[in-house]
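J.: Sharing a structure, written as structure tokens. Questions coming.
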Amino acid sequence: MIAALVVTRSWYLVLAAVLFAIGATGVLTRRNPLVMFMSVELMLNAVNLTFVTFSKALNDVGGQLSVFFVLVVAAAEVVVGLGIIVAIMRRRPGATADDISELKG
Amino acid sequence: MLKLVWLIPALPLFGFLMLVLFGRKMGEPRAGWFASAMCALSFVFGVIVFAGLLDKPAESRHFTQTLFTWLPVGALHVDVGFLVDPLSMTMVLFVTGIGALIHLYSVGYMHGDPKFSKFFIYLNLFVFSMLMLVLGDSMLTTFLGWEGVGTCSYLLISFWFTKDANASAGKKAFVTNRIGDFGFMLAMFLTFSTVGSLQYTEVLEKSSGLTKTTAAAIVVLFFLGACGKSAQMPLFVWLPDAMAGPTPVSALIHAATMVTSGVYLMVRISPIINVASPWVLTLIAIVGAFTALFAATIAVAQTDIKKVLAYSTVSQLGYMFLAIGCKAYVAAIFHMVTHAFFKANMFLGSGSVIHGMHDEQDMRRMGALKKLMPITAITFILGWLAIAGVPPFAGFWSKDEILLNAWEKSPVLWAVGLFTALLTAFYMSRQVFMVFFGKARWGHDAPEDAPEEIKHLHPHESAWTMTTPLVVLAGLSLVGGLINLPFSKDVEFLDKWLEPVLEHSGMRVVGASSGLKVTLAVIAVIVGGVGIAIAYAVYLKGKADPKKIELPILAQGWRYDASLAAFFGGPARKMADFTAFVVDRKGIDGAVNGIAKLAAGGGQQLRKTQSGYVRNYAAYIAFGAVVLLGWFVIRVGL
């Protein structure tokens with residue numbers, strides 16, 4: 001018999017923190033724009049997870065409301081971001097994020 | 001009739017505008033006649049308003065006319081308006097009257113000058129400004145006129161600006177006057193901040209509420225302004241140099257009218273002087289007496305015919321300030337009027353001499369001009385007797401009144417005044433003897449070393465346009481004393497006339513017995529006679545060498561000018577250089593440039609953080625988030 005596994009609130013929060021850390025590491029270390037982009041999405045969803053957790057714990061629907069906002073914004077961001085990435089890739093195939101540094105001071 | 005007062009300054013202003021537009025077209029002599037007519041008409045309206053004022057009972061001789069609002073700024077509300085009272089009308093009458101005569105004289109004097117019409121533009125503008133100065137019902141309107149006359153003075157002194165000396169004399173006058181003007185401005189600021197108004201009526205009414213010290217500060221600052229305009233110590237240096245201008249200008253601006261505006265101002269604010277601490281009056285009296293003496297000693301050794309008169313003017317203005325310091329305001333105004341008569345007369349006379357001598361101004365080249373220029377000589381002699389204090393000429397009465405008041409204040413001031421009277425009689429006699437009497441030093445009688453043109457000189461009497469004003473002014477020098485004879489209350493017309501204005505001025509009522517009055521007058525006459533006698537002995541009889549009296553140090557004006565030049569050219573210049581090149585360039589500019597450099601350097605360092613690598617930015621954000629989180633945990637205890 002498997003002992004009854006109680007999934008407490010902290011499990012969700014720890015999971016969210018782990019996801020966030022993975023995302024942040026991805027953004028900081030990877031150079032492929034597409035992977036960086038996915039890492040950002042990972043971070044956003046980690047945050048969403050904490051929102052939902054606290055919404056349930058505090059019995060406040062505001063947290064879930066915020067999740068919808070984040071989802072909508074993320075969708076919009078994906079549209080714009082992917083557009084930019086496609087445009088860059090068309091001009092310079094195989095470009096990494098470090099190659100796009102024309103705006104340096 | 002009083003409502004016509006706006007016409008008095010409006011006519012010269014109209015003349016000025018017309019001459020600016022059509023002066024060249026009018027040409028000589030029509031431009032001159034037109035300007036003279038405007039000034040004369042202004043005088044006529046002055047007489048009309050004067051008659052209107054005389055018609056009223058003494059206590060209601062006060063009329064203000066507001067033309068329009070000039071500056072409505074918060075609590076500061078200044079109208080352009082005119083204040084008609086006995087004081088301003090006295091000034092108006094002699095400014096326009098003498099002004100008209102001098103306009104007429106200028107038509108003759110400026111004959112043949114290529115800038116003939118321009119001269120009258122300035123002259124009319126001057127009369128307008130002077131009238132604004134005396135008629136203005138607020139300090140700011142007076143200040144407008146004050147600056148206006150200063151500008152005209154500058155323009156007219158350097159009228160023949162192609163000569164270097166004339167141009168720099170104009171600049172000197174302007175700059176020196178600015179020092180006084182800043183005193184005037186500060187006084188206005190102080191008045192407004194303490195009384196809350198610049199309107200004379202209001203300020204003088206509320207002046208009794210001022211503290212002694214505030215009133216003293218206001219008066220001293222106004223006095224600084226008066227020192228500049230009326231050529232008192234230590235700002236008198238510009239007036240002798242101002243003689244570089246055409247002679248009618250010297251007569252009108254630098255003897256009769258503009259230089260007396262300081263005296264007018266002090267009389268106008270006399271209720272404030274009354275509130276101020278008494279040391280202010282003593283200061284004014286001492287400055288006046290000292291200036292009178294100082295300038296008189298310099299006049300003794302001058303050889304330029306106009307320079308003598310210039311220093312004499314400074315000296316006589318000193319008398320007027322001495323009178324103000326003794327609270328003898330009527331005496332000051334009285335002397336101002338009589339001085340305007342005889343000094344304008346003598347200045348115009350000297351102009352006539354210069355004209356007749358073909359622009360020769362050195363008295364050592366003149367002599368025996370009496371026969372060739374009879375009208376000039378006779379009128380000049382009348383002026384001389386008036387300034388020397390010979391009874392019954394105008395100067396005797398006014399100077400005597402000042403000396404009497406000085407005696408009441410302090411015998412020391414009286415003694416200084418008396419000694420100045422001696423010097424006055426001496427140097428004026430010296431001038432008359434050197435110019436009109438004795439041996440001729442021109443033409444065939446010129447000494448060997450004289451320049452060629454002096455040897456072929458034929459002096460001549462001037463045209464009627466020039467002699468008519470001389471005759472009128474000489475007549476006034478003779479009878480001018482009639483306006484205030486000290487025999488009884490009934491004949492002290494000026495005293496009674498000015499009484500309503502000076503009601504709150506705490507004017508000194510002379511308590512001297514008639515015996516003392518007569519004694520002082522006799523002493524003054526004897527001293528004047530001694531001065532004339534010494535000059536007679538030295539310059540006509542040759543009993544002593546003039547060189548013993550005309551000391552070089554006096555001829556150089558006690559080296560006052562030279563020491564000023566040395567000071568401002570030396571230590572003051574060095575200090576200015578220090579301020580300009582060290583304090584300003586290194587200190588102030590350095591601070592400003594330093595801040596700019598700091599920003600630029602900081603920017604250079606900061607730009608390195610903008611690497612263009614996205615992950616760097618992401619790292620910054622992450623780092624910032626961690627710091628914020630840490631702060632929250634530690635400070636808020638989350």
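Lettering and numbering for the structure tokens are positional, with chains as A, B, ... in the shown order, residues counted from 1 in each chain, and ligands counted from 1 in the shown order.
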Residues of chain A within 10 Å of chain B, counting only C-alpha atoms, what are they? List them as a PyMOL selection string.
T.: chain A and resi 24-31+33+36+97-105
J.: Go ahead and write the residues just picked, N, CA and C atoms, as a PDB file, in the first residue's frame.
T.:
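File produced: part-v7.pdb:
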```pdb
ATOM      1  N   ALA A  24      14.748  30.848 -15.107  1.00  0.00           N
ATOM      2  CA  ALA A  24      15.713  31.941 -14.973  1.00  0.00           C
ATOM      3  C   ALA A  24      17.075  31.479 -15.460  1.00  0.00           C
ATOM      4  N   THR A  25      17.496  30.283 -15.081  1.00  0.00           N
ATOM      5  CA  THR A  25      18.786  29.760 -15.528  1.00  0.00           C
ATOM      6  C   THR A  25      18.817  29.672 -17.041  1.00  0.00           C
ATOM      7  N   GLY A  26      17.695  29.212 -17.619  1.00  0.00           N
ATOM      8  CA  GLY A  26      17.641  29.117 -19.071  1.00  0.00           C
ATOM      9  C   GLY A  26      17.845  30.457 -19.737  1.00  0.00           C
ATOM     10  N   VAL A  27      17.161  31.491 -19.206  1.00  0.00           N
ATOM     11  CA  VAL A  27      17.281  32.833 -19.801  1.00  0.00           C
ATOM     12  C   VAL A  27      18.717  33.324 -19.694  1.00  0.00           C
ATOM     13  N   LEU A  28      19.334  33.048 -18.541  1.00  0.00           N
ATOM     14  CA  LEU A  28      20.662  33.599 -18.303  1.00  0.00           C
ATOM     15  C   LEU A  28      21.751  32.848 -19.060  1.00  0.00           C
ATOM     16  N   THR A  29      21.559  31.579 -19.288  1.00  0.00           N
ATOM     17  CA  THR A  29      22.671  30.797 -19.853  1.00  0.00           C
ATOM     18  C   THR A  29      22.511  30.458 -21.318  1.00  0.00           C
ATOM     19  N   ARG A  30      21.319  30.240 -21.807  1.00  0.00           N
ATOM     20  CA  ARG A  30      21.169  29.819 -23.211  1.00  0.00           C
ATOM     21  C   ARG A  30      21.294  30.993 -24.155  1.00  0.00           C
ATOM     22  N   ARG A  31      21.751  30.681 -25.387  1.00  0.00           N
ATOM     23  CA  ARG A  31      21.912  31.766 -26.346  1.00  0.00           C
ATOM     24  C   ARG A  31      20.926  31.693 -27.488  1.00  0.00           C
ATOM     25  N   PRO A  33      17.685  32.187 -29.131  1.00  0.00           N
ATOM     26  CA  PRO A  33      16.560  33.044 -28.764  1.00  0.00           C
ATOM     27  C   PRO A  33      15.290  32.256 -28.485  1.00  0.00           C
ATOM     28  N   MET A  36      15.482  30.708 -25.057  1.00  0.00           N
ATOM     29  CA  MET A  36      15.341  31.759 -24.054  1.00  0.00           C
ATOM     30  C   MET A  36      13.877  32.147 -23.898  1.00  0.00           C
ATOM     31  N   ALA A  97      21.445  35.099 -29.417  1.00  0.00           N
ATOM     32  CA  ALA A  97      21.045  36.346 -28.743  1.00  0.00           C
ATOM     33  C   ALA A  97      22.225  37.295 -28.628  1.00  0.00           C
ATOM     34  N   ASP A  98      23.429  36.750 -28.492  1.00  0.00           N
ATOM     35  CA  ASP A  98      24.598  37.613 -28.338  1.00  0.00           C
ATOM     36  C   ASP A  98      24.955  38.350 -29.617  1.00  0.00           C
ATOM     37  N   ASP A  99      24.515  37.811 -30.755  1.00  0.00           N
ATOM     38  CA  ASP A  99      24.812  38.503 -32.011  1.00  0.00           C
ATOM     39  C   ASP A  99      23.971  39.761 -32.172  1.00  0.00           C
ATOM     40  N   ILE A 100      22.849  39.767 -31.449  1.00  0.00           N
ATOM     41  CA  ILE A 100      21.956  40.921 -31.596  1.00  0.00           C
ATOM     42  C   ILE A 100      22.306  41.931 -30.504  1.00  0.00           C
ATOM     43  N   SER A 101      23.454  42.612 -30.663  1.00  0.00           N
ATOM     44  CA  SER A 101      23.858  43.553 -29.604  1.00  0.00           C
ATOM     45  C   SER A 101      24.199  44.913 -30.192  1.00  0.00           C
ATOM     46  N   GLU A 102      23.459  45.297 -31.224  1.00  0.00           N
ATOM     47  CA  GLU A 102      23.733  46.591 -31.861  1.00  0.00           C
ATOM     48  C   GLU A 102      23.423  47.772 -30.939  1.00  0.00           C
ATOM     49  N   LEU A 103      22.599  47.573 -29.938  1.00  0.00           N
ATOM     50  CA  LEU A 103      22.172  48.701 -29.089  1.00  0.00           C
ATOM     51  C   LEU A 103      23.083  48.903 -27.887  1.00  0.00           C
ATOM     52  N   LYS A 104      24.277  48.312 -27.922  1.00  0.00           N
ATOM     53  CA  LYS A 104      25.129  48.472 -26.735  1.00  0.00           C
ATOM     54  C   LYS A 104      25.672  49.903 -26.647  1.00  0.00           C
ATOM     55  N   GLY A 105      25.927  50.336 -25.400  1.00  0.00           N
ATOM     56  CA  GLY A 105      26.309  51.741 -25.185  1.00  0.00           C
ATOM     57  C   GLY A 105      27.725  52.030 -25.612  1.00  0.00           C
TER      58      GLY A 105
END
```
J.: Residues of stretch 351-402 of chain B that approach stretch 414-418 of chain B to 10 Å or less, counting only C-alpha atoms: could you list each one with the shortest pair of atoms and its distance in Å to one decimal, rows by chain and increasing residue number, as a tab-separated table?
T.:
```
residue	atom	partner	partner_atom	distance
B:Lys399	CA	B:Gly417	CA	9.1
B:Asp400	CA	B:Leu418	CA	9.6
B:Ile402	CA	B:Gly417	CA	8.6
```
J.: Just want the 8 Å neighbourhood of A:Val52, counted on only C-alpha atoms, with same-chain residues fewer than 5 positions away dropped. Output as a list in words.
T.: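 Near neighbours after the sequence-gap exclusion: Gly63, Gln64 and Val67 of chain A.
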J.: Restricted to N, CA and C atoms, what would the selected residues look like written as a PDB file, in the first residue's frame?
T.:
```
ATOM      1  N   GLY A  63      -6.528  36.021  -7.216  1.00  0.00           N
ATOM      2  CA  GLY A  63      -5.333  35.346  -7.697  1.00  0.00           C
ATOM      3  C   GLY A  63      -5.584  34.699  -9.044  1.00  0.00           C
ATOM      4  N   GLN A  64      -6.743  34.031  -9.178  1.00  0.00           N
ATOM      5  CA  GLN A  64      -7.040  33.361 -10.448  1.00  0.00           C
ATOM      6  C   GLN A  64      -7.273  34.378 -11.549  1.00  0.00           C
ATOM      7  N   VAL A  67      -4.061  35.324 -13.013  1.00  0.00           N
ATOM      8  CA  VAL A  67      -3.552  34.296 -13.914  1.00  0.00           C
ATOM      9  C   VAL A  67      -4.052  34.535 -15.319  1.00  0.00           C
TER      10      VAL A  67
END
```
J.: Which residues, written as a list in words, have at least one atom at most 9 Å from stretch 22-28 of chain B, with only C-alpha atoms counted and residues fewer than 5 positions away on the same chain left out?
T.: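 Final neighbour list, sorted by chain and number: Leu17, Trp33, Phe34, Val107, His111, Gly112, Asp113, Lys115, Phe116, Ser117, Lys118, Phe120 and Ile121 of chain B.
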